[in-house]
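Q: Contents of my_file39.cif (mmCIF, C-alpha atoms) are given next:
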```cif
data_input
loop_
_atom_site.label_atom_id
_atom_site.label_comp_id
_atom_site.auth_asym_id
_atom_site.auth_seq_id
_atom_site.Cartn_x
_atom_site.Cartn_y
_atom_site.Cartn_z
CA ASP A 2 0.00 0.00 0.00
CA ILE A 3 2.14 2.83 -1.37
CA LYS A 4 -0.21 5.58 -0.21
CA ALA A 5 -0.24 4.33 3.41
CA TRP A 6 3.54 4.04 3.54
CA SER A 7 3.90 7.53 2.05
CA LYS A 8 1.74 8.97 4.84
CA LEU A 9 4.07 7.37 7.37
CA GLY A 10 7.07 9.12 5.78
CA ALA A 11 8.64 6.08 4.12
CA GLU A 12 11.06 6.89 1.29
CA VAL A 13 11.65 3.36 0.04
CA ILE A 14 9.40 0.29 0.11
CA ILE A 15 10.90 -3.16 -0.33
CA LYS A 16 9.08 -6.45 -0.41
CA VAL A 17 10.63 -9.89 -0.67
CA ALA A 18 8.45 -12.97 -0.54
CA ALA A 19 8.70 -16.69 -1.19
CA GLN A 20 5.85 -19.06 -1.92
CA LYS A 21 5.87 -22.80 -2.52
CA GLN A 22 4.88 -23.51 -6.12
CA GLY A 23 5.10 -27.28 -6.24
CA PRO A 24 6.64 -30.20 -4.42
CA ASP A 25 10.20 -29.06 -5.24
CA THR A 26 9.89 -25.45 -6.47
CA VAL A 27 9.51 -22.06 -4.82
CA LYS A 28 8.60 -18.68 -6.32
CA ILE A 29 10.77 -15.84 -5.00
CA PHE A 30 9.65 -12.28 -5.56
CA GLY A 31 11.42 -8.98 -4.88
CA ILE A 32 10.17 -5.45 -5.54
CA CYS A 33 11.39 -1.95 -4.63
CA TYR A 34 9.71 1.47 -4.89
CA PHE A 35 11.16 4.94 -4.39
CA LEU A 36 8.14 6.89 -3.24
CA SER A 37 9.56 10.14 -4.55
CA HIS A 38 9.52 8.59 -8.05
CA GLY A 39 5.89 7.55 -8.22
CA ARG A 40 4.09 4.24 -8.20
CA GLU A 41 6.28 2.31 -10.65
CA PRO A 42 8.86 -0.03 -9.10
CA VAL A 43 12.56 0.71 -9.61
CA TYR A 44 13.27 -3.01 -9.26
CA GLU A 45 11.05 -6.05 -9.69
CA LYS A 46 12.08 -9.68 -10.09
CA THR A 47 10.25 -13.01 -9.88
CA LEU A 48 12.13 -16.31 -10.04
CA ILE A 49 10.96 -19.89 -9.70
CA VAL A 50 13.72 -22.09 -8.31
CA LYS A 51 14.27 -25.56 -6.89
CA THR A 52 13.92 -25.71 -3.11
CA ASP A 53 17.67 -26.23 -2.65
CA GLN A 54 18.29 -22.90 -4.43
CA VAL A 55 16.00 -20.73 -2.26
CA ARG A 56 18.72 -19.42 0.09
CA PRO A 57 21.28 -18.38 -2.59
CA THR A 58 18.51 -16.93 -4.79
CA ALA A 59 17.12 -14.89 -1.90
CA HIS A 60 20.65 -13.57 -1.29
CA ARG A 61 21.07 -12.58 -4.95
CA ILE A 62 17.70 -10.77 -4.95
CA THR A 63 18.65 -8.98 -1.71
CA ASP A 64 21.95 -7.90 -3.32
CA ALA A 65 20.08 -6.58 -6.38
CA LEU A 66 17.56 -4.72 -4.19
CA LEU A 67 20.43 -3.05 -2.32
CA GLY A 68 21.85 -2.11 -5.72
CA ALA A 69 18.52 -0.57 -6.72
CA ILE A 70 18.51 1.53 -3.55
CA THR A 71 22.17 2.51 -3.25
CA GLY A 72 23.61 2.03 -6.73
CA ARG A 73 25.90 -0.71 -5.41
CA ASN A 74 24.84 -4.34 -5.08
CA GLY A 75 25.04 -5.94 -1.67
CA GLY A 76 27.39 -8.69 -0.58
CA PHE A 77 24.97 -11.29 0.77
CA SER A 78 25.71 -13.75 -2.02
CA SER A 79 29.45 -13.20 -1.66
CA HIS A 80 31.81 -16.08 -1.17
CA LEU A 81 34.78 -15.56 1.15
CA THR A 82 38.08 -17.39 1.44
CA PHE A 83 40.66 -17.56 4.22
CA ALA A 84 43.49 -19.68 5.64
CA ALA A 85 43.19 -21.13 9.14
CA LYS A 86 45.04 -23.76 11.10
CA SER A 87 43.66 -27.26 10.70
CA GLY A 88 45.64 -29.70 12.82
CA LYS A 89 49.24 -28.56 12.67
CA ASN A 90 49.09 -26.75 9.30
CA PRO A 91 47.00 -23.94 7.78
CA SER A 92 44.33 -24.99 5.28
CA ILE A 93 42.27 -22.99 2.78
CA TYR A 94 38.56 -22.55 3.50
CA THR A 95 35.61 -20.91 1.75
CA VAL A 96 32.38 -19.70 3.33
CA ASP A 97 29.29 -17.79 2.21
CA ALA A 98 29.02 -14.22 3.49
CA ASP A 99 26.27 -15.23 5.92
CA GLY A 100 28.48 -17.90 7.54
CA HIS A 101 26.85 -20.89 5.84
CA ASN A 102 28.59 -23.57 3.79
CA ILE A 103 32.03 -23.37 5.36
CA ARG A 104 34.30 -25.99 3.86
CA ALA A 105 37.96 -26.90 3.82
CA LEU A 106 39.44 -27.16 0.34
CA THR A 107 42.94 -28.45 1.09
CA GLN A 108 44.39 -31.41 2.94
CA PRO A 109 45.45 -30.80 6.55
CA SER A 110 48.78 -32.53 5.79
CA ASP A 111 49.67 -29.71 3.33
CA THR A 112 50.54 -26.16 4.36
CA SER A 113 48.26 -23.86 2.36
CA ILE A 114 48.26 -20.07 2.78
CA ALA A 115 47.47 -16.73 1.13
CA PRO A 116 44.21 -17.44 -0.75
CA THR A 117 42.87 -14.89 -3.23
CA TRP A 118 40.23 -14.76 -5.93
CA GLY A 119 41.50 -14.63 -9.50
CA PRO A 120 39.97 -14.35 -12.98
CA ASN A 121 36.39 -15.60 -13.37
CA GLY A 122 36.05 -16.21 -9.62
CA SER A 123 38.81 -18.81 -9.58
CA LEU A 124 40.60 -19.43 -6.29
CA PHE A 125 44.40 -19.28 -6.01
CA PHE A 126 46.64 -19.97 -3.01
CA VAL A 127 50.17 -21.12 -2.28
CA GLN A 128 50.88 -24.57 -0.96
CA SER A 129 53.76 -26.62 0.39
CA ARG A 130 53.51 -30.39 0.37
CA LYS A 131 55.89 -32.33 2.65
CA TYR A 132 58.08 -29.25 3.27
CA SER A 133 58.65 -28.59 -0.44
CA PRO A 134 58.89 -24.97 -1.63
CA PHE A 135 55.54 -23.15 -1.74
CA LYS A 136 53.97 -23.31 -5.22
CA LEU A 137 51.09 -21.29 -6.65
CA VAL A 138 47.98 -23.49 -6.93
CA GLN A 139 44.63 -22.85 -8.59
CA PHE A 140 41.80 -24.74 -6.93
CA GLU A 141 40.09 -26.92 -9.55
CA GLY A 142 42.00 -25.34 -12.40
CA ALA A 143 45.11 -25.45 -14.53
CA GLY A 144 46.93 -22.78 -12.53
CA ILE A 145 49.66 -20.45 -13.73
CA ASN A 146 53.12 -21.72 -14.58
CA LEU A 147 55.75 -19.50 -13.02
CA PRO A 148 59.52 -19.73 -13.58
CA PHE A 149 60.53 -19.87 -9.90
CA ASN A 150 62.20 -22.79 -8.10
CA THR A 151 62.02 -21.07 -4.73
CA SER A 152 58.93 -20.53 -2.62
CA ILE A 153 56.11 -18.27 -3.71
CA TYR A 154 54.53 -16.74 -0.61
CA SER A 155 51.58 -14.79 -1.98
CA VAL A 156 49.81 -13.69 -5.15
CA ALA A 157 47.80 -10.62 -6.12
CA PHE A 158 45.88 -9.83 -9.30
CA SER A 159 45.29 -6.44 -10.89
CA SER A 160 41.66 -5.26 -10.76
CA ASP A 161 41.12 -6.39 -14.37
CA PHE A 162 42.90 -9.74 -13.67
CA LYS A 163 45.26 -9.24 -16.62
CA ARG A 164 48.39 -8.92 -14.49
CA VAL A 165 49.66 -10.88 -11.50
CA ALA A 166 52.24 -10.09 -8.82
CA VAL A 167 53.89 -12.71 -6.62
CA ALA A 168 56.08 -12.55 -3.53
CA VAL A 169 58.99 -14.92 -4.18
CA GLY A 170 61.60 -16.20 -1.75
CA THR A 171 65.14 -15.72 -3.04
CA ALA A 172 68.55 -16.43 -1.59
CA LEU A 173 70.43 -13.48 -0.15
CA VAL A 174 73.29 -12.38 -2.35
CA ALA A 175 76.33 -10.69 -0.87
CA VAL A 176 77.42 -7.65 -2.86
CA GLY A 177 80.75 -6.04 -2.49
#
```
Kindly transcribe the structure held in the file into structure tokens.
A:
Amino acid sequence: DIKAWSKLGAEVIIKVAAQKQGPDTVKIFGICYFLSHGREPVYEKTLIVKTDQVRPTAHRITDALLGAITGRNGGFSSHLTFAAKSGKNPSIYTVDADGHNIRALTQPSDTSIAPTWGPNGSLFFVQSRKYSPFKLVQFEGAGINLPFNTSIYSVAFSSDFKRVAVAVGTALVAVG
């Protein structure tokens, strides 16, 4: 009821709803109005998804609604990565922004550190297996071949993912 909300001084109205459509499907609906811009919605989306996709779909709609309001999509459907000790060695983990779906991606017998997101959402990290030098690894991918025999300690990508920088261990060289 746009008129009623306007009388209360609301500037933005958002509605998100989910309704069971069938035995294994759900309709998810999101709509947003700026009351200063009339009665037409600035965002409206309806999706019918399988029941196991309700949570991530609701997060994506929430992100889009935040984008409609602020001009910048939200981070609810974000996926985070980090390194944490698992047993005696650090392992690489991923988790959804809301804390769900945490999972270890590497073996606890390996030492895995410095995770970062690369091109097309791919995950990179450095890993040492049985005390070997740290190598750059791409999770579920071909990786990047680098010409270093010594340890690589971290990796960073440019914002367009066309360039990469690595921190490489080298032997000290005496000059003089």
Q: On this structure, the PyMOL selection byres ((chain A and resi 86) around 12) would catch which residues? List them as a list in words, sorted by chain and number.
A: Phe83, Ala84, Ala85, Ser87, Gly88, Lys89, Asn90, Pro91, Ser92, Ile93, Tyr94, Ala105, Thr107, Gln108, Pro109, Ser110, Asp111, Thr112, Ser113 and Ile114 of chain A
Q: Determine, counting only C-alpha atoms, which protein, DNA and RNA residues have an atom within 8 Å of an atom of segment 133-136 of chain A; residues of the same chain fewer than 6 positions away are not included. Present the result as a PyMOL selection string.
A: chain A and resi 127+150-154
Q: Given the choices A:Arg73, A:Lys16, A:Arg56, A:Arg164, which gets closest to Tyr44 of chain A if the distance is worked out from all atoms listed in the file?
A: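 Comparing A:Arg73, A:Lys16, A:Arg56, A:Arg164 against Tyr44 of chain A, the winner is A:Lys16.
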Q: Find the distance between atom CA of Gly10 of chain A and atom CA of Leu36 of chain A and write it in Å to one decimal.
A: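 Going from atom CA of Gly10 of chain A over to atom CA of Leu36 of chain A, I get 9.4 Å.
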Q: Please determine, counting all atoms listed in the file, which residue among A:Gly76, A:Pro57, A:Pro116, A:Gly31 has the shortest atom-to-atom distance to Phe140 of chain A.
A: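 So, comparing all the options, the nearest one is A:Pro116.
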Q: What is the distance between atom CA of His60 of chain A and atom CA of Gly122 of chain A, in Å to one decimal?
A: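 If I compute the distance from atom CA of His60 of chain A to atom CA of Gly122 of chain A, I get 17.7 Å.
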Q: Do you know which residues are at most 12 Å from Ala143 of chain A counting only C-alpha atoms, after dropping those on the same chain fewer than 5 positions away, and could you put them as a list in words?
A: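 Once the nearby chain positions are removed, what remains is Ser123, Leu124, Phe125, Leu137 and Val138 of chain A.
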Q: Expanded to explicit residues, what is the PyMOL selection byres ((chain A and resi 120) around 9) for this file, as a list in words?
A: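 Given this file, the PyMOL selection byres ((chain A and resi 120) around 9) evaluates to Trp118, Gly119, Asn121, Gly122, Ser123, Leu124, Phe158, Asp161, Phe162 and Lys163 of chain A.
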Q: List as a PyMOL selection string the residues having at least one atom at most 6 Å from position (27.2, -14.9, -1.4) as given in the file, counting only C-alpha atoms.
A: chain A and resi 77-80+97-98
Q: Spell out the residues picked by the PyMOL selection byres ((chain A and resi 14) around 8) here, as a PyMOL selection string.
A: chain A and resi 3+6+11-13+15-16+33-36
Q: Near Gly75 of chain A, within 9 Å and counting only C-alpha atoms, which residues show up once chain neighbours fewer than 4 positions away are dropped, as a list of chain:residue names?
A: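 The filter keeps A:His60, A:Arg61, A:Thr63, A:Asp64, A:Ala65, A:Leu66, A:Leu67, A:Gly68, A:Ser79.
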Q: Write out as a short mmCIF file (atom, residue, chain, number, x, y, z; two decimals) with C-alpha atoms, in the coordinates of the input which residues come within 7 Å of Thr52 of chain A when counting only C-alpha atoms, dropping same-chain ones fewer than 2 positions away.
A:
```cif
data_model
loop_
_atom_site.label_atom_id
_atom_site.label_comp_id
_atom_site.auth_asym_id
_atom_site.auth_seq_id
_atom_site.Cartn_x
_atom_site.Cartn_y
_atom_site.Cartn_z
CA ASP A 25 10.20 -29.06 -5.24
CA THR A 26 9.89 -25.45 -6.47
CA VAL A 27 9.51 -22.06 -4.82
CA VAL A 50 13.72 -22.09 -8.31
CA GLN A 54 18.29 -22.90 -4.43
CA VAL A 55 16.00 -20.73 -2.26
#
```
Q: Pick the closest to His101 of chain A from A:Val165, A:Leu147, A:Leu81, A:Ala115: which is it, counting only C-alpha atoms?
A: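 Smallest distance to His101 of chain A is found for A:Leu81.
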Q: Please, what distance in Å, to one decimal, runs between atom CA of Lys46 of chain A and atom CA of Val17 of chain A?
A: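 Here the two named atoms are 9.5 Å from each other.
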Q: Find the residues near Ala166 of chain A: any atom within 10 Å, counting only C-alpha atoms, skip ones fewer than 3 places away on the same chain, and give them as a list of chain:residue names.
A: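 In the requested form, the answer reads A:Ser155, A:Val156, A:Ala157, A:Phe158, A:Ser159, A:Val169.
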